[in-house]
$ cat structure.txt   # compact mmCIF, C-alpha atoms
# COMPACT_ATOMS: atom_id res chain seq x y z
CA MET A 1 21.10 -22.30 -14.63
CA SER A 2 21.04 -18.64 -15.73
CA THR A 3 17.71 -16.91 -16.31
CA LEU A 4 18.19 -13.64 -18.18
CA ASP A 5 15.44 -11.06 -17.87
CA PHE A 6 14.31 -8.70 -20.61
CA LYS A 7 15.82 -5.61 -18.97
CA GLN A 8 19.28 -7.24 -18.91
CA THR A 9 19.20 -8.58 -22.46
CA ILE A 10 17.90 -5.41 -24.11
CA ALA A 11 20.38 -3.27 -22.14
CA PHE A 12 23.33 -5.40 -23.26
CA VAL A 13 22.19 -5.52 -26.91
CA ASN A 14 21.73 -1.74 -27.01
CA LEU A 15 25.14 -1.11 -25.43
CA ALA A 16 26.89 -3.70 -27.61
CA ASN A 17 25.42 -2.19 -30.78
CA THR A 18 26.08 1.44 -29.87
CA LEU A 19 29.14 1.19 -27.59
CA ASP A 20 27.78 4.37 -26.02
CA TYR A 21 26.36 4.36 -22.48
CA GLN A 22 24.34 7.56 -22.94
CA TYR A 23 22.70 6.43 -26.17
CA ALA A 24 22.17 2.85 -24.99
CA ALA A 25 20.56 4.06 -21.75
CA LYS A 26 18.18 6.29 -23.71
CA LYS A 27 17.24 3.44 -26.07
CA SER A 28 16.66 1.15 -23.07
CA GLY A 29 14.50 3.72 -21.27
CA ILE A 30 16.74 3.82 -18.19
CA THR A 31 19.42 6.07 -16.72
CA VAL A 32 23.12 5.54 -17.33
CA ASP A 33 23.58 4.45 -13.71
CA GLU A 34 20.78 1.89 -14.11
CA LEU A 35 22.37 0.68 -17.35
CA VAL A 36 25.73 0.18 -15.62
CA ARG A 37 24.07 -1.75 -12.79
CA THR A 38 22.05 -3.86 -15.23
CA ILE A 39 25.12 -4.83 -17.29
CA LYS A 40 27.02 -5.64 -14.11
CA ALA A 41 24.13 -7.83 -12.91
CA LEU A 42 24.15 -9.65 -16.28
CA GLU A 43 27.89 -10.23 -16.03
CA GLU A 44 27.47 -11.59 -12.50
CA GLU A 45 24.63 -13.82 -13.69
CA LEU A 46 26.80 -15.28 -16.47
CA ASN A 47 30.01 -15.08 -14.43
CA VAL A 48 31.91 -13.52 -17.34
CA LYS A 49 33.06 -10.02 -18.31
CA LEU A 50 31.09 -8.71 -21.29
CA ILE A 51 32.18 -5.07 -21.51
CA ARG A 52 35.75 -3.74 -21.31
CA PRO A 53 36.21 0.04 -20.97
CA GLU A 54 39.45 1.02 -22.70
CA GLY A 55 40.58 4.63 -22.24
CA GLY A 56 37.02 5.89 -22.16
CA VAL A 57 36.04 3.77 -25.19
CA VAL A 58 33.53 0.97 -24.66
CA GLU A 59 34.51 -2.38 -26.16
CA LEU A 60 33.10 -5.88 -26.07
CA THR A 61 35.25 -8.59 -24.57
CA GLU A 62 35.92 -11.69 -26.63
CA ILE A 63 33.19 -13.65 -24.86
CA GLY A 64 30.89 -10.62 -25.05
CA ALA A 65 31.23 -10.56 -28.84
CA LYS A 66 30.56 -14.31 -29.04
CA LEU A 67 27.47 -14.05 -26.84
CA LEU A 68 26.00 -10.99 -28.59
CA PRO A 69 24.13 -12.96 -31.33
CA LEU A 70 22.68 -15.37 -28.75
CA ILE A 71 21.63 -12.62 -26.32
CA THR A 72 20.20 -10.64 -29.25
CA GLU A 73 18.03 -13.63 -30.14
CA ILE A 74 16.88 -13.92 -26.51
CA ALA A 75 16.06 -10.19 -26.43
CA GLN A 76 14.03 -10.52 -29.62
CA LYS A 77 12.09 -13.45 -28.17
CA HIS A 78 11.48 -11.47 -24.97
CA ALA A 79 10.19 -8.56 -27.04
CA LYS A 80 7.92 -10.86 -29.06
CA LEU A 81 6.57 -12.41 -25.85
CA LEU A 82 5.81 -9.00 -24.36
CA SER A 83 4.17 -7.91 -27.61
CA VAL A 84 1.88 -10.95 -27.62
CA VAL A 85 0.94 -10.40 -23.97
CA THR A 86 0.32 -6.67 -24.54
CA ASP A 87 -1.90 -7.36 -27.55
CA TYR A 88 -3.84 -9.98 -25.57
CA ARG A 89 -4.40 -7.61 -22.65
CA LYS A 90 -5.48 -4.86 -25.01
CA LYS A 91 -7.96 -7.20 -26.69
CA GLU A 92 -9.29 -8.30 -23.28
CA ALA A 93 -9.73 -4.67 -22.20
CA GLU A 94 -11.59 -3.85 -25.42
CA GLU A 95 -13.89 -6.84 -24.99
CA ALA A 96 -14.50 -6.24 -21.28
CA ILE A 97 -17.70 -4.64 -20.06
CA LYS A 98 -16.79 -1.15 -18.89
CA VAL A 99 -18.16 -0.26 -15.45
CA THR A 100 -17.75 3.27 -14.10
CA VAL A 101 -17.93 3.63 -10.32
CA VAL A 102 -17.96 6.53 -7.87
CA PRO A 103 -14.71 7.60 -6.15
CA GLY A 104 -14.17 5.66 -2.94
CA PHE A 105 -16.03 2.70 -4.42
CA ALA A 106 -13.92 0.26 -2.37
CA ASN A 107 -15.66 1.52 0.80
CA TYR A 108 -19.10 0.40 -0.34
CA GLN A 109 -20.58 -2.87 0.93
CA ALA A 110 -21.33 -3.93 -2.64
CA ALA A 111 -17.70 -3.45 -3.79
CA PRO A 112 -16.47 -7.02 -3.09
CA VAL A 113 -19.43 -8.50 -4.97
CA VAL A 114 -18.94 -6.22 -7.97
CA LYS A 115 -15.20 -6.94 -8.04
CA LYS A 116 -15.87 -10.68 -7.96
CA LEU A 117 -18.28 -10.33 -10.86
CA ALA A 118 -15.63 -8.30 -12.71
CA GLN A 119 -13.15 -11.15 -12.40
CA GLN A 120 -15.69 -13.73 -13.57
CA HIS A 121 -17.14 -11.77 -16.50
CA LYS A 122 -14.31 -9.58 -17.85
CA MET A 123 -15.52 -6.30 -16.39
CA ASN A 124 -13.20 -3.29 -16.44
CA ILE A 125 -13.88 -1.07 -13.37
CA VAL A 126 -12.90 2.61 -13.56
CA GLU A 127 -13.54 5.38 -11.01
CA ASP A 128 -15.04 8.69 -12.18
CA VAL A 129 -16.51 11.68 -10.38
CA ASP A 130 -19.61 11.47 -12.59
CA PRO A 131 -20.40 7.84 -13.51
CA MET A 132 -23.78 8.82 -14.92
CA ALA A 133 -22.15 11.12 -17.46
CA GLN A 134 -19.89 8.25 -18.58
CA LEU A 135 -22.95 6.05 -18.98
CA GLN A 136 -24.91 8.66 -20.91
CA GLN A 137 -21.97 9.41 -23.20
CA GLY A 138 -21.53 5.73 -24.02
CA GLU A 139 -18.12 5.52 -22.34
CA SER A 140 -19.32 2.67 -20.11
CA GLU A 141 -22.01 0.00 -20.24
CA LEU A 142 -22.75 0.04 -16.50
CA ALA A 143 -22.42 2.64 -13.75
CA PHE A 144 -22.29 2.21 -9.98
CA ILE A 145 -23.75 5.36 -8.43
CA SER A 146 -24.42 6.39 -4.85
CA TYR A 147 -27.99 7.49 -5.52
CA ALA A 148 -30.38 7.79 -8.45
CA GLY A 149 -32.24 10.93 -9.39
CA LYS A 150 -34.39 11.24 -12.50
CA LEU A 151 -32.95 9.08 -15.27
CA PRO A 152 -33.78 8.74 -18.98
CA ASP A 153 -36.57 6.28 -19.75
CA ASP A 154 -34.18 3.79 -21.37
CA PHE A 155 -32.02 3.54 -18.22
CA GLU A 156 -32.68 0.83 -15.67
CA VAL A 157 -31.75 1.15 -11.99
CA LEU A 158 -30.98 -1.87 -9.86
CA SER A 159 -30.55 -1.27 -6.12
CA VAL A 160 -27.70 -3.27 -4.58
CA GLY A 161 -27.88 -1.91 -1.04
CA THR A 162 -27.97 1.21 1.08
CA ASP A 163 -25.26 3.26 2.78
CA ASP A 164 -25.30 5.87 5.49
CA LEU A 165 -24.78 9.54 4.71
CA VAL A 166 -21.50 10.47 6.39
CA ALA A 167 -20.10 13.74 7.73
CA TYR A 168 -16.32 14.01 8.10
CA ILE A 169 -15.51 16.14 11.15
CA PRO A 170 -12.16 17.29 12.63
CA ALA A 171 -11.30 15.66 15.96
CA ARG A 172 -11.35 19.07 17.66
CA ASN A 173 -15.01 19.55 16.88
CA PRO A 174 -17.21 18.38 19.83
CA LEU A 175 -19.51 16.61 17.36
CA SER A 176 -16.70 14.16 16.62
CA GLU A 177 -17.41 12.52 20.00
CA GLN A 178 -20.86 11.45 18.85
CA LYS A 179 -21.26 8.01 17.26
CA GLU A 180 -24.27 9.14 15.24
CA LEU A 181 -25.41 12.51 13.91
CA THR A 182 -28.66 13.90 12.65
CA LEU A 183 -28.75 16.50 9.92
CA THR A 184 -30.07 19.07 12.37
CA ASP A 185 -26.89 18.58 14.44
CA LEU A 186 -25.02 20.11 11.53
CA LYS A 187 -27.25 23.08 10.77
CA THR A 188 -24.90 25.62 12.42
CA GLU A 189 -21.67 24.08 11.10
CA LYS A 190 -19.51 25.20 8.21
CA PHE A 191 -19.33 22.82 5.26
CA LEU A 192 -16.77 21.87 2.68
CA THR A 193 -18.88 20.80 -0.27
CA LEU A 194 -18.58 19.39 -3.74
CA ASN A 195 -19.19 21.81 -6.59
CA HIS A 196 -22.82 22.93 -6.36
CA GLN A 197 -23.45 21.55 -9.88
CA ASN A 198 -22.28 18.07 -8.89
CA PRO A 199 -25.30 15.70 -8.75
CA PHE A 200 -24.38 14.44 -5.31
CA ALA A 201 -23.89 17.98 -3.98
CA VAL A 202 -27.40 18.77 -5.23
CA PHE A 203 -28.68 15.70 -3.40
CA VAL A 204 -27.03 16.82 -0.12
CA GLN A 205 -28.53 20.28 -0.51
CA GLN A 206 -31.95 18.72 -0.97
CA VAL A 207 -31.77 16.49 2.12
CA CYS A 208 -30.47 19.39 4.21
CA ALA A 209 -33.32 21.59 2.96
CA ALA A 210 -35.76 18.84 3.93
CA ALA A 211 -34.23 18.95 7.44
CA GLY A 212 -34.92 22.69 7.61
CA PHE A 213 -31.63 24.38 6.71
CA ASP A 214 -29.29 25.27 3.87
CA PRO A 215 -25.70 24.06 4.37
CA TYR A 216 -23.29 26.97 4.85
CA SER A 217 -20.47 26.16 2.41
CA VAL A 218 -17.11 27.87 2.95
CA PHE A 219 -15.41 26.00 0.11
CA GLU A 220 -16.44 24.04 -2.97
CA GLY A 221 -14.19 21.34 -4.42
CA GLU A 222 -14.25 19.00 -7.38
CA LYS A 223 -13.16 15.80 -5.62
CA GLY A 224 -14.50 14.27 -2.44
CA ARG A 225 -11.10 12.88 -1.44
CA THR A 226 -9.61 16.39 -1.51
CA LEU A 227 -12.32 17.65 0.83
CA VAL A 228 -11.77 14.74 3.22
CA ASN A 229 -8.05 15.51 3.32
CA MET A 230 -8.78 19.17 4.06
CA VAL A 231 -11.03 18.16 6.94
CA ALA A 232 -8.30 15.84 8.23
CA LEU A 233 -5.92 18.81 8.35
CA GLY A 234 -8.42 20.55 10.66
CA ASP A 235 -7.56 24.07 9.56
CA GLU A 236 -10.69 25.36 11.31
CA ASP A 237 -12.43 24.08 14.42
CA ASN A 238 -15.81 23.72 12.78
CA LEU A 239 -15.04 22.46 9.31
CA VAL A 240 -17.58 19.79 8.42
CA ASP A 241 -17.85 17.97 5.13
CA GLY A 242 -21.41 16.91 4.56
CA THR A 243 -21.07 15.88 0.94
CA ILE A 244 -19.35 12.52 1.08
CA ASN A 245 -21.23 9.29 0.92
CA LYS A 246 -19.68 6.37 2.81

$ encode --input "structure.txt" --output "structure tokens"
Amino acid sequence: MSTLDFKQTIAFVNLANTLDYQYAAKKSGITVDELVRTIKALEEELNVKLIRPEGGVVELTEIGAKLLPLITEIAQKHAKLLSVVTDYRKKEAEEAIKVTVVPGFANYQAAPVVKKLAQQHKMNIVEDVDPMAQLQQGESELAFISYAGKLPDDFEVLSVGTDDLVAYIPARNPLSEQKELTLTDLKTEKFLTLNHQNPFAVFVQQVCAAAGFDPYSVFEGEKGRTLVNMVALGDEDNLVDGTINK
């Protein structure tokens, strides 16, 4: 029993109605080569020849012309089905509770629990470099943050666990051999840091100051993942990123 997919049916209908591979491919949102392969796959699925090139002119075969109304109806039903599903997903997304989380959220111990809750209660989880800003601007109803500074009086903070402060160090740095580090171990190292106005960067500066030193930053970046990748490249022997929370 043949099972025609939407890509095949819409490609054939567009080609049959235009008899032009370039135009049909554009209408179908695929390349000409993909269109040719799709039509060929449809012909193999039905075990009949649908298109007959004649001297550079595209023509429908006799069976192709007979099948066009039926395949057009199937394509229309496919389109209606996709429209219904799209509208449903859009409605679900609009109704879902929006939760903004910090980048690298999957690495947190609380992540599996939050994701399970999201599945049970229609929560839409989105990463953002500044979840608190999203919360304050009304872009999300909840925010998962790595630490809490001073918050407005109408904000409530619920602690879901603790995580270690982590330094990412190139393998060539002798400190990489240590299983644990203290902040004072890093006082003479060079840092790659988040932008000094980033709330978490401010937090790192504060804890370093409490340990008796100011981190020597040789580069400020906007995204933690970028800094981690730079450390992984190990461009300098003593590059240390002290701004990323595990």

$ residues_around --input "structure.txt" --residues "A:Thr184" --least-positions-apart "6" --cutoff "10 Å" --atoms "all atoms listed in the file" --output "NGL selection string"
:A and (208 or 211-213)

$ closest_atom_pairs --input "structure.txt" --of "stretch 6-50 of chain A" --to "stretch 73-93 of chain A" --cutoff "10 Å" --atoms "all atoms listed in the file" --output "Markdown table"
| residue | atom | partner | partner_atom | distance |
| --- | --- | --- | --- | --- |
| A:Phe6 | CA | A:His78 | CA | 5.9 |
| A:Lys7 | CA | A:Ala75 | CA | 8.8 |
| A:Gln8 | CA | A:Ala75 | CA | 8.7 |
| A:Thr9 | CA | A:Ala75 | CA | 5.3 |
| A:Ile10 | CA | A:Ala75 | CA | 5.6 |
| A:Ala11 | CA | A:Ala75 | CA | 9.2 |
| A:Phe12 | CA | A:Ala75 | CA | 9.3 |
| A:Val13 | CA | A:Ala75 | CA | 7.7 |

$ residues_near_point --input "structure.txt" --point "(-25.9, 28.0, 6.0)" --cutoff "9 Å" --atoms "only C-alpha atoms" --output "PyMOL selection string"
chain A and resi 187-191+213-217

$ atom_distance --input "structure.txt" --atom1 "atom CA of A:Lys223" --atom2 "atom CA of A:Thr193"
9.3 Å

$ atom_distance --input "structure.txt" --atom1 "atom CA of A:Pro199" --atom2 "atom CA of A:Glu141"
19.7 Å

$ closest_residue --input "structure.txt" --among "A:Asn107, A:Met230, A:Pro170, A:Val99" --to "A:Lys122" --atoms "only C-alpha atoms"
A:Val99

$ closest_residue --input "structure.txt" --among "A:Asn198, A:Asn173, A:Glu62, A:Ala110" --to "A:Ser159" --atoms "all atoms listed in the file"
A:Ala110

$ build_atoms --input "structure.txt" --residues "stretch 64-75 of chain A" --atoms "all heavy atoms" --output "CSV table (one decimal), in the frame of the given file"
chain,number,residue,atom,x,y,z
A,64,GLY,N,32.0,-11.5,-24.8
A,64,GLY,CA,30.9,-10.6,-25.0
A,64,GLY,C,30.5,-10.6,-26.5
A,64,GLY,O,29.3,-10.6,-26.9
A,65,ALA,N,31.5,-10.6,-27.4
A,65,ALA,CA,31.2,-10.6,-28.8
A,65,ALA,C,30.6,-11.9,-29.3
A,65,ALA,O,29.7,-11.9,-30.1
A,65,ALA,CB,32.5,-10.3,-29.6
A,66,LYS,N,31.1,-13.0,-28.7
A,66,LYS,CA,30.6,-14.3,-29.0
A,66,LYS,C,29.1,-14.5,-28.6
A,66,LYS,O,28.3,-15.1,-29.2
A,66,LYS,CB,31.4,-15.4,-28.4
A,66,LYS,CG,32.8,-15.6,-29.1
A,66,LYS,CD,33.5,-16.7,-28.5
A,66,LYS,CE,34.9,-17.0,-29.2
A,66,LYS,NZ,35.6,-18.1,-28.6
A,67,LEU,N,28.8,-13.9,-27.4
A,67,LEU,CA,27.5,-14.0,-26.8
A,67,LEU,C,26.5,-13.1,-27.4
A,67,LEU,O,25.2,-13.3,-27.3
A,67,LEU,CB,27.5,-13.8,-25.3
A,67,LEU,CG,28.2,-14.9,-24.5
A,67,LEU,CD1,28.2,-14.6,-23.0
A,67,LEU,CD2,27.5,-16.3,-24.7
A,68,LEU,N,26.9,-12.0,-28.1
A,68,LEU,CA,26.0,-11.0,-28.6
A,68,LEU,C,24.9,-11.6,-29.5
A,68,LEU,O,23.7,-11.2,-29.3
A,68,LEU,CB,26.8,-9.9,-29.3
A,68,LEU,CG,25.9,-8.8,-30.0
A,68,LEU,CD1,25.1,-8.1,-28.9
A,68,LEU,CD2,26.8,-7.8,-30.7
A,69,PRO,N,25.2,-12.4,-30.5
A,69,PRO,CA,24.1,-13.0,-31.3
A,69,PRO,C,23.1,-13.8,-30.5
A,69,PRO,O,21.9,-13.7,-30.8
A,69,PRO,CB,24.9,-13.9,-32.3
A,69,PRO,CG,26.3,-13.3,-32.4
A,69,PRO,CD,26.5,-12.9,-31.0
A,70,LEU,N,23.6,-14.5,-29.6
A,70,LEU,CA,22.7,-15.4,-28.8
A,70,LEU,C,21.8,-14.5,-27.9
A,70,LEU,O,20.6,-14.7,-27.7
A,70,LEU,CB,23.5,-16.4,-27.9
A,70,LEU,CG,24.3,-17.4,-28.7
A,70,LEU,CD1,25.1,-18.2,-27.7
A,70,LEU,CD2,23.3,-18.3,-29.4
A,71,ILE,N,22.4,-13.5,-27.2
A,71,ILE,CA,21.6,-12.6,-26.3
A,71,ILE,C,20.7,-11.8,-27.1
A,71,ILE,O,19.6,-11.5,-26.7
A,71,ILE,CB,22.6,-11.8,-25.5
A,71,ILE,CG1,23.4,-12.6,-24.5
A,71,ILE,CG2,21.8,-10.7,-24.6
A,71,ILE,CD1,24.4,-11.9,-23.7
A,72,THR,N,21.1,-11.4,-28.4
A,72,THR,CA,20.2,-10.6,-29.2
A,72,THR,C,19.0,-11.5,-29.6
A,72,THR,O,17.8,-11.0,-29.6
A,72,THR,CB,20.9,-10.3,-30.5
A,72,THR,OG1,22.0,-9.4,-30.2
A,72,THR,CG2,20.0,-9.5,-31.5
A,73,GLU,N,19.2,-12.7,-29.9
A,73,GLU,CA,18.0,-13.6,-30.1
A,73,GLU,C,17.1,-13.7,-28.9
A,73,GLU,O,15.9,-13.7,-29.1
A,73,GLU,CB,18.6,-15.0,-30.5
A,73,GLU,CG,17.5,-16.0,-31.0
A,73,GLU,CD,18.0,-17.3,-31.4
A,73,GLU,OE1,19.2,-17.5,-31.5
A,73,GLU,OE2,17.2,-18.3,-31.6
A,74,ILE,N,17.7,-13.9,-27.7
A,74,ILE,CA,16.9,-13.9,-26.5
A,74,ILE,C,16.1,-12.6,-26.3
A,74,ILE,O,14.9,-12.7,-26.0
A,74,ILE,CB,17.8,-14.2,-25.3
A,74,ILE,CG1,18.4,-15.6,-25.4
A,74,ILE,CG2,17.0,-14.0,-24.0
A,74,ILE,CD1,19.5,-15.8,-24.3
A,75,ALA,N,16.7,-11.5,-26.6
A,75,ALA,CA,16.1,-10.2,-26.4
A,75,ALA,C,14.9,-10.1,-27.4
A,75,ALA,O,13.8,-9.6,-27.1
A,75,ALA,CB,17.1,-9.1,-26.6
